[in-house]
Amino acid sequence: MTTVHSPTDAVLAAELAGLRASAPASLLPRTLVAVGLADAYAAVDSPIGPLFVAFNGLGVAAVEQAPDGDAFEAAHVRRTGRPAHAVAALPAGLAAAIKRRLGGDRRARIDLDLRGRTAFERDVWTKALEIPRGEVRPYGWIAAEIGRPAAVRAVGTALGHNPVPLIVPCHRVVRSDGLLGEYSLGGPANKRTILASEGLDPDALESLARTGIRYVGSDTTKIYCLPSCHAARRIATAHRVPFRSISEGQRAGYRACRRCRPGSAVAA
Amino acid sequence: MDQPTLLAALADDLDRAFEGLVRARQDRVFSIALRILGDPAAAEDAAQDAFIRAYRALAGWEPGRIRELRLDAWLATIVVNVARTSGRRRGATAARESLTFLDELDHPSGATTETPHGHLARREAAAAWGVRLLGLPERYRAPLVLRHVDGLGYEEIGEALDRPAGTVKAQVHRGLGLLRAALEAEGRAEAPIDVGTDGSNQSSTTMTQPRPRLQEVPR
């Protein structure tokens, strides 16, 4: 029969004190990301090549181009003050939502971390989200739609500061003269590539704009649209009626399309 | 970092100081969760959840209230509650929290100067005590973990568990008694090493004996 040893309280207490453990190295970054004091990031494919997407417990915080992860991390901490931790892939739900959003599903829910942004910026970005894939709207259209028709230049600035390009489709906002204009994510060539990937013909759109045509009507419905409006693109060539201005359309007895609301573009 | 310094920093600028709080208290919060739940992954989730709750609470408080906080008892309250809820939930679902995508940030922490053998032996002994602790009824386990694993005082534990300090003291005492009983029960189970006539050691099954289930016996 073995002796059954009976440890004292002090011995037991010492054994229990030996049960203190070190937290896993992942606990700190996970916690900071969850509360939004740090971000995690992964690369995702896009029409203009791999993009870095940074996110935290509040939502997606940044979409950026960078030569590599190190360059992205350095730029990210400079811009936001938050460190970015690389992860192999976005969380499955977020990855799926981004894929749906880029594929044109505007209802795909993607939370955004927009701390420190102004109400005006949020209004501009929220309005940009309404522009369907494969279509564009002038800066002035956004300004009019958010009730700030004189703030066209500020709309351009806000779009330039969009921290989450592609997710908020600022590439679908173009100059009021119909030319594509600037793009914050790597310049105008990228804007052209992205719009082309969405089924728009940027060259045709700009050619039309250069001839002074701003609207396209249908002589069967007597409705006029912005040229990239889904409805306008379905008008058969024989029935297309170009207009240089809204008043020209109105004089011809046409009314504005309720979908693309070309009247809002007149603020430009 | 000591409690007043941490609290002053948190009251002054939560976002700047929060990382310091996590660094200073993560081992303690994780250890409490681990010794209540047993599973390291579940314990990490619980510790993370506890810190998230702490952050959100602190974000809504006046600096004066933060400075007067009894930090360690408060953190213990949160992690014990999270661990309890998580322990109950885990029976139904093994689903982990949504932020597990950071799993791959998990590197084995630091090199050890111990020999692999000594390290292993100590780990096995600790694992055995961990298992005995998990065999205790929860009302003894939580006070025991807070008193002897974490090192909180009876008053603070009473605050954390919302029971009188006297009750905590009795429960810690009773818990130690139950641990002692568990050890003695293991001794009796291992005692009769019955070597069969063919020389096979039939008691080898004791290596994989299930976690001891302790019954409360009248004193």
# chains A, B, ... in the order shown; residues from 1 in each chain; ligands from 1
>>> residues_around(residues="segment 136-150 of chain A", least_positions_apart="3", cutoff="8 Å", atoms="only C-alpha atoms", output="number ranges by chain")
A: 123-124, 127-128, 131-132, 153, 155-156, 172-176, 178, 226, 228-229, 262, 264-268
>>> write_last_selection(atoms="C-alpha atoms", output="compact mmCIF listing (two decimals), in the first residue's frame")
# COMPACT_ATOMS: atom_id res chain seq x y z
CA ASP A 123 -22.64 62.06 -46.77
CA VAL A 124 -20.55 62.15 -49.96
CA LYS A 127 -24.22 58.93 -51.79
CA ALA A 128 -21.42 57.47 -53.95
CA ILE A 131 -24.19 54.75 -58.00
CA PRO A 132 -24.71 51.39 -59.69
CA ARG A 153 -15.18 71.16 -55.27
CA VAL A 155 -17.24 66.78 -53.03
CA GLY A 156 -14.13 66.19 -55.17
CA ARG A 172 -17.87 56.12 -60.41
CA VAL A 173 -17.80 59.87 -59.91
CA VAL A 174 -16.48 61.85 -62.89
CA ARG A 175 -15.95 65.41 -63.97
CA SER A 176 -18.96 67.49 -64.83
CA GLY A 178 -17.94 64.09 -68.74
CA LEU A 226 -27.22 60.55 -68.03
CA SER A 228 -24.09 55.86 -68.57
CA CYS A 229 -27.51 55.23 -67.02
CA PRO A 262 -29.99 63.92 -64.47
CA SER A 264 -29.05 66.74 -60.09
CA ALA A 265 -26.16 66.94 -62.49
CA VAL A 266 -27.20 70.40 -63.66
CA ALA A 267 -25.77 71.96 -60.51
CA ALA A 268 -22.40 71.67 -62.26
>>> closest_atom_pairs(of="chain A", to="chain B", cutoff="10 Å", atoms="only C-alpha atoms", output="JSON lines")
{"residue": "A:Met1", "atom": "CA", "partner": "B:Ala191", "partner_atom": "CA", "distance": 5.8}
{"residue": "A:Thr2", "atom": "CA", "partner": "B:Ala191", "partner_atom": "CA", "distance": 5.2}
{"residue": "A:Thr3", "atom": "CA", "partner": "B:Gly187", "partner_atom": "CA", "distance": 7.7}
{"residue": "A:Val4", "atom": "CA", "partner": "B:Gly187", "partner_atom": "CA", "distance": 5.5}
{"residue": "A:His5", "atom": "CA", "partner": "B:Glu184", "partner_atom": "CA", "distance": 6.8}
{"residue": "A:Ser6", "atom": "CA", "partner": "B:Arg180", "partner_atom": "CA", "distance": 6.4}
{"residue": "A:Pro7", "atom": "CA", "partner": "B:Arg180", "partner_atom": "CA", "distance": 6.8}
{"residue": "A:Thr8", "atom": "CA", "partner": "B:Arg180", "partner_atom": "CA", "distance": 8.5}
{"residue": "A:Asp9", "atom": "CA", "partner": "B:Leu176", "partner_atom": "CA", "distance": 6.7}
{"residue": "A:Ala10", "atom": "CA", "partner": "B:Leu176", "partner_atom": "CA", "distance": 9.8}
{"residue": "A:Leu12", "atom": "CA", "partner": "B:Leu176", "partner_atom": "CA", "distance": 7.0}
{"residue": "A:Ala13", "atom": "CA", "partner": "B:His148", "partner_atom": "CA", "distance": 5.6}
{"residue": "A:Ala14", "atom": "CA", "partner": "B:His148", "partner_atom": "CA", "distance": 7.7}
{"residue": "A:Glu15", "atom": "CA", "partner": "B:Trp129", "partner_atom": "CA", "distance": 7.2}
{"residue": "A:Leu16", "atom": "CA", "partner": "B:Val149", "partner_atom": "CA", "distance": 5.3}
{"residue": "A:Ala17", "atom": "CA", "partner": "B:Val149", "partner_atom": "CA", "distance": 4.5}
{"residue": "A:Gly18", "atom": "CA", "partner": "B:Ala126", "partner_atom": "CA", "distance": 6.7}
{"residue": "A:Leu19", "atom": "CA", "partner": "B:Ala126", "partner_atom": "CA", "distance": 6.0}
{"residue": "A:Arg20", "atom": "CA", "partner": "B:Ser31", "partner_atom": "CA", "distance": 5.4}
{"residue": "A:Ala21", "atom": "CA", "partner": "B:Ser31", "partner_atom": "CA", "distance": 5.3}
{"residue": "A:Ser22", "atom": "CA", "partner": "B:Asp27", "partner_atom": "CA", "distance": 4.9}
{"residue": "A:Ala23", "atom": "CA", "partner": "B:Asp27", "partner_atom": "CA", "distance": 4.8}
{"residue": "A:Pro24", "atom": "CA", "partner": "B:Asp106", "partner_atom": "CA", "distance": 6.4}
{"residue": "A:Ala25", "atom": "CA", "partner": "B:Asp106", "partner_atom": "CA", "distance": 5.4}
{"residue": "A:Ser26", "atom": "CA", "partner": "B:Asp106", "partner_atom": "CA", "distance": 4.5}
{"residue": "A:Leu27", "atom": "CA", "partner": "B:Gln48", "partner_atom": "CA", "distance": 6.4}
{"residue": "A:Leu28", "atom": "CA", "partner": "B:Val22", "partner_atom": "CA", "distance": 6.6}
{"residue": "A:Pro29", "atom": "CA", "partner": "B:Leu102", "partner_atom": "CA", "distance": 7.9}
{"residue": "A:Arg30", "atom": "CA", "partner": "B:Leu102", "partner_atom": "CA", "distance": 6.0}
{"residue": "A:Thr31", "atom": "CA", "partner": "B:Gln48", "partner_atom": "CA", "distance": 5.4}
{"residue": "A:Leu32", "atom": "CA", "partner": "B:Glu19", "partner_atom": "CA", "distance": 7.1}
{"residue": "A:Val33", "atom": "CA", "partner": "B:Leu99", "partner_atom": "CA", "distance": 8.5}
{"residue": "A:Ala34", "atom": "CA", "partner": "B:Leu99", "partner_atom": "CA", "distance": 7.0}
{"residue": "A:Val35", "atom": "CA", "partner": "B:Ile52", "partner_atom": "CA", "distance": 6.2}
{"residue": "A:Gly36", "atom": "CA", "partner": "B:Asp15", "partner_atom": "CA", "distance": 9.3}
{"residue": "A:Leu37", "atom": "CA", "partner": "B:Asp15", "partner_atom": "CA", "distance": 6.9}
{"residue": "A:Ala38", "atom": "CA", "partner": "B:Glu19", "partner_atom": "CA", "distance": 9.8}
{"residue": "A:Ala40", "atom": "CA", "partner": "B:Leu102", "partner_atom": "CA", "distance": 7.9}
{"residue": "A:Asn56", "atom": "CA", "partner": "B:Leu99", "partner_atom": "CA", "distance": 9.0}
{"residue": "A:Gly57", "atom": "CA", "partner": "B:Leu99", "partner_atom": "CA", "distance": 7.9}
{"residue": "A:His85", "atom": "CA", "partner": "B:Leu105", "partner_atom": "CA", "distance": 8.3}
{"residue": "A:Ala86", "atom": "CA", "partner": "B:Leu105", "partner_atom": "CA", "distance": 8.3}
{"residue": "A:Val87", "atom": "CA", "partner": "B:Leu102", "partner_atom": "CA", "distance": 6.5}
{"residue": "A:Ala88", "atom": "CA", "partner": "B:Glu104", "partner_atom": "CA", "distance": 7.8}
{"residue": "A:Ala89", "atom": "CA", "partner": "B:Phe101", "partner_atom": "CA", "distance": 7.9}
{"residue": "A:Leu90", "atom": "CA", "partner": "B:Phe101", "partner_atom": "CA", "distance": 7.5}
{"residue": "A:Pro91", "atom": "CA", "partner": "B:Phe101", "partner_atom": "CA", "distance": 6.1}
{"residue": "A:Ala92", "atom": "CA", "partner": "B:Phe101", "partner_atom": "CA", "distance": 9.0}
{"residue": "A:Gly93", "atom": "CA", "partner": "B:Ser98", "partner_atom": "CA", "distance": 9.6}
>>> residues_around(residues="Thr126 of chain A", least_positions_apart="6", cutoff="12 Å", atoms="only C-alpha atoms", output="PyMOL selection string")
chain A and resi 106+112+114+119-120+142-143+145-146+155+158-159+162+164+167-170
>>> select_by_dssp(residues="segment 92-211 of chain A", states="alpha helix (DSSP H)", output="PyMOL selection string")
chain A and resi 92-102+119-128+139-145+152-160+188-197+202-210
>>> atom_distance(atom1="atom CA of Asp68 of chain A", atom2="atom CA of Asp39 of chain A")
16.5 Å
>>> atom_distance(atom1="atom CA of Leu71 of chain B", atom2="atom CA of Ala59 of chain B")
14.8 Å
>>> closest_residue(among="A:Ala62, A:Leu166, A:Ile110, A:Leu129", to="Asp45 of chain A", atoms="only C-alpha atoms")
A:Leu166
>>> residues_around(residues="Glu206 of chain A", least_positions_apart="6", cutoff="10 Å", atoms="only C-alpha atoms", output="compact mmCIF listing (two decimals) with C-alpha atoms, in the first residue's frame")
# COMPACT_ATOMS: atom_id res chain seq x y z
CA ASP A 177 -17.70 67.87 -68.42
CA GLY A 178 -17.94 64.09 -68.74
CA LEU A 179 -14.20 63.37 -68.64
CA LEU A 180 -13.15 60.75 -66.10
CA GLY A 212 -20.77 68.30 -75.86
CA ILE A 213 -23.45 65.64 -75.35
>>> atom_distance(atom1="atom CA of Ala8 of chain B", atom2="atom CA of Glu155 of chain B")
22.8 Å
>>> residues_around(residues="Ala236 of chain A", least_positions_apart="6", cutoff="12 Å", atoms="only C-alpha atoms", output="PyMOL selection string")
chain A and resi 216-221
>>> write_last_selection(atoms="N, CA and C atoms", output="PDB file, in the first residue's frame")
ATOM      1  N   VAL A 216     -28.854  61.677 -72.856  1.00  0.00           N
ATOM      2  CA  VAL A 216     -29.354  60.880 -73.961  1.00  0.00           C
ATOM      3  C   VAL A 216     -30.831  60.571 -73.703  1.00  0.00           C
ATOM      4  N   GLY A 217     -31.688  60.869 -74.691  1.00  0.00           N
ATOM      5  CA  GLY A 217     -33.108  60.596 -74.523  1.00  0.00           C
ATOM      6  C   GLY A 217     -33.582  59.494 -75.454  1.00  0.00           C
ATOM      7  N   SER A 218     -34.803  59.021 -75.180  1.00  0.00           N
ATOM      8  CA  SER A 218     -35.418  58.029 -76.054  1.00  0.00           C
ATOM      9  C   SER A 218     -36.683  58.649 -76.643  1.00  0.00           C
ATOM     10  N   ASP A 219     -36.806  58.609 -78.005  1.00  0.00           N
ATOM     11  CA  ASP A 219     -37.973  59.242 -78.604  1.00  0.00           C
ATOM     12  C   ASP A 219     -39.221  58.388 -78.463  1.00  0.00           C
ATOM     13  N   THR A 220     -39.085  57.164 -77.904  1.00  0.00           N
ATOM     14  CA  THR A 220     -40.286  56.368 -77.649  1.00  0.00           C
ATOM     15  C   THR A 220     -40.846  56.648 -76.251  1.00  0.00           C
ATOM     16  N   THR A 221     -39.959  56.827 -75.268  1.00  0.00           N
ATOM     17  CA  THR A 221     -40.440  57.068 -73.894  1.00  0.00           C
ATOM     18  C   THR A 221     -40.504  58.556 -73.570  1.00  0.00           C
TER      19      THR A 221
END
>>> residues_around(residues="Ala54 of chain B", least_positions_apart="4", cutoff="8 Å", atoms="only C-alpha atoms", output="list in words")
Ala50, Leu58, Leu75 and Ile78 of chain B
>>> residues_around(residues="segment 161-171 of chain B", least_positions_apart="4", cutoff="9 Å", atoms="only C-alpha atoms", output="PyMOL selection string")
chain B and resi 73+76-77+80-81+139-144+153-157+175-176
>>> write_last_selection(atoms="N, CA and C atoms", output="short mmCIF file (atom, residue, chain, number, x, y, z; two decimals), in the first residue's frame")
data_model
loop_
_atom_site.label_atom_id
_atom_site.label_comp_id
_atom_site.auth_asym_id
_atom_site.auth_seq_id
_atom_site.Cartn_x
_atom_site.Cartn_y
_atom_site.Cartn_z
N ALA B 73 -9.73 43.68 -9.02
CA ALA B 73 -10.99 43.04 -8.67
C ALA B 73 -11.99 43.20 -9.83
N ALA B 76 -11.09 40.94 -12.65
CA ALA B 76 -11.44 39.57 -12.25
C ALA B 76 -12.94 39.34 -12.40
N THR B 77 -13.75 40.32 -11.98
CA THR B 77 -15.20 40.21 -12.14
C THR B 77 -15.57 39.93 -13.58
N VAL B 80 -14.24 36.45 -14.95
CA VAL B 80 -14.97 35.33 -14.37
C VAL B 80 -16.36 35.23 -15.00
N ASN B 81 -17.02 36.36 -15.16
CA ASN B 81 -18.35 36.34 -15.78
C ASN B 81 -18.30 35.87 -17.22
N ARG B 139 -18.29 26.83 -7.60
CA ARG B 139 -18.30 27.81 -6.50
C ARG B 139 -17.03 27.74 -5.66
N TYR B 140 -16.29 26.65 -5.77
CA TYR B 140 -14.99 26.59 -5.09
C TYR B 140 -13.86 26.95 -6.05
N ARG B 141 -14.04 26.56 -7.31
CA ARG B 141 -12.96 26.75 -8.28
C ARG B 141 -12.65 28.23 -8.47
N ALA B 142 -13.68 29.05 -8.69
CA ALA B 142 -13.44 30.47 -8.97
C ALA B 142 -12.72 31.17 -7.81
N PRO B 143 -13.20 31.01 -6.55
CA PRO B 143 -12.46 31.66 -5.45
C PRO B 143 -11.03 31.14 -5.31
N LEU B 144 -10.86 29.84 -5.53
CA LEU B 144 -9.52 29.25 -5.41
C LEU B 144 -8.58 29.81 -6.48
N GLY B 153 -6.72 39.31 -2.81
CA GLY B 153 -7.11 39.19 -1.41
C GLY B 153 -8.57 38.82 -1.28
N TYR B 154 -8.98 38.40 -0.05
CA TYR B 154 -10.36 37.95 0.14
C TYR B 154 -11.38 39.06 -0.13
N GLU B 155 -11.05 40.28 0.29
CA GLU B 155 -11.97 41.40 0.06
C GLU B 155 -12.21 41.60 -1.44
N GLU B 156 -11.11 41.60 -2.20
CA GLU B 156 -11.23 41.82 -3.65
C GLU B 156 -11.98 40.68 -4.32
N ILE B 157 -11.74 39.45 -3.86
CA ILE B 157 -12.44 38.30 -4.44
C ILE B 157 -13.94 38.41 -4.13
N GLY B 175 -12.19 24.47 -0.79
CA GLY B 175 -11.60 24.10 -2.08
C GLY B 175 -10.26 23.41 -1.91
N LEU B 176 -9.45 23.95 -1.02
CA LEU B 176 -8.14 23.32 -0.77
C LEU B 176 -8.35 21.90 -0.21
#
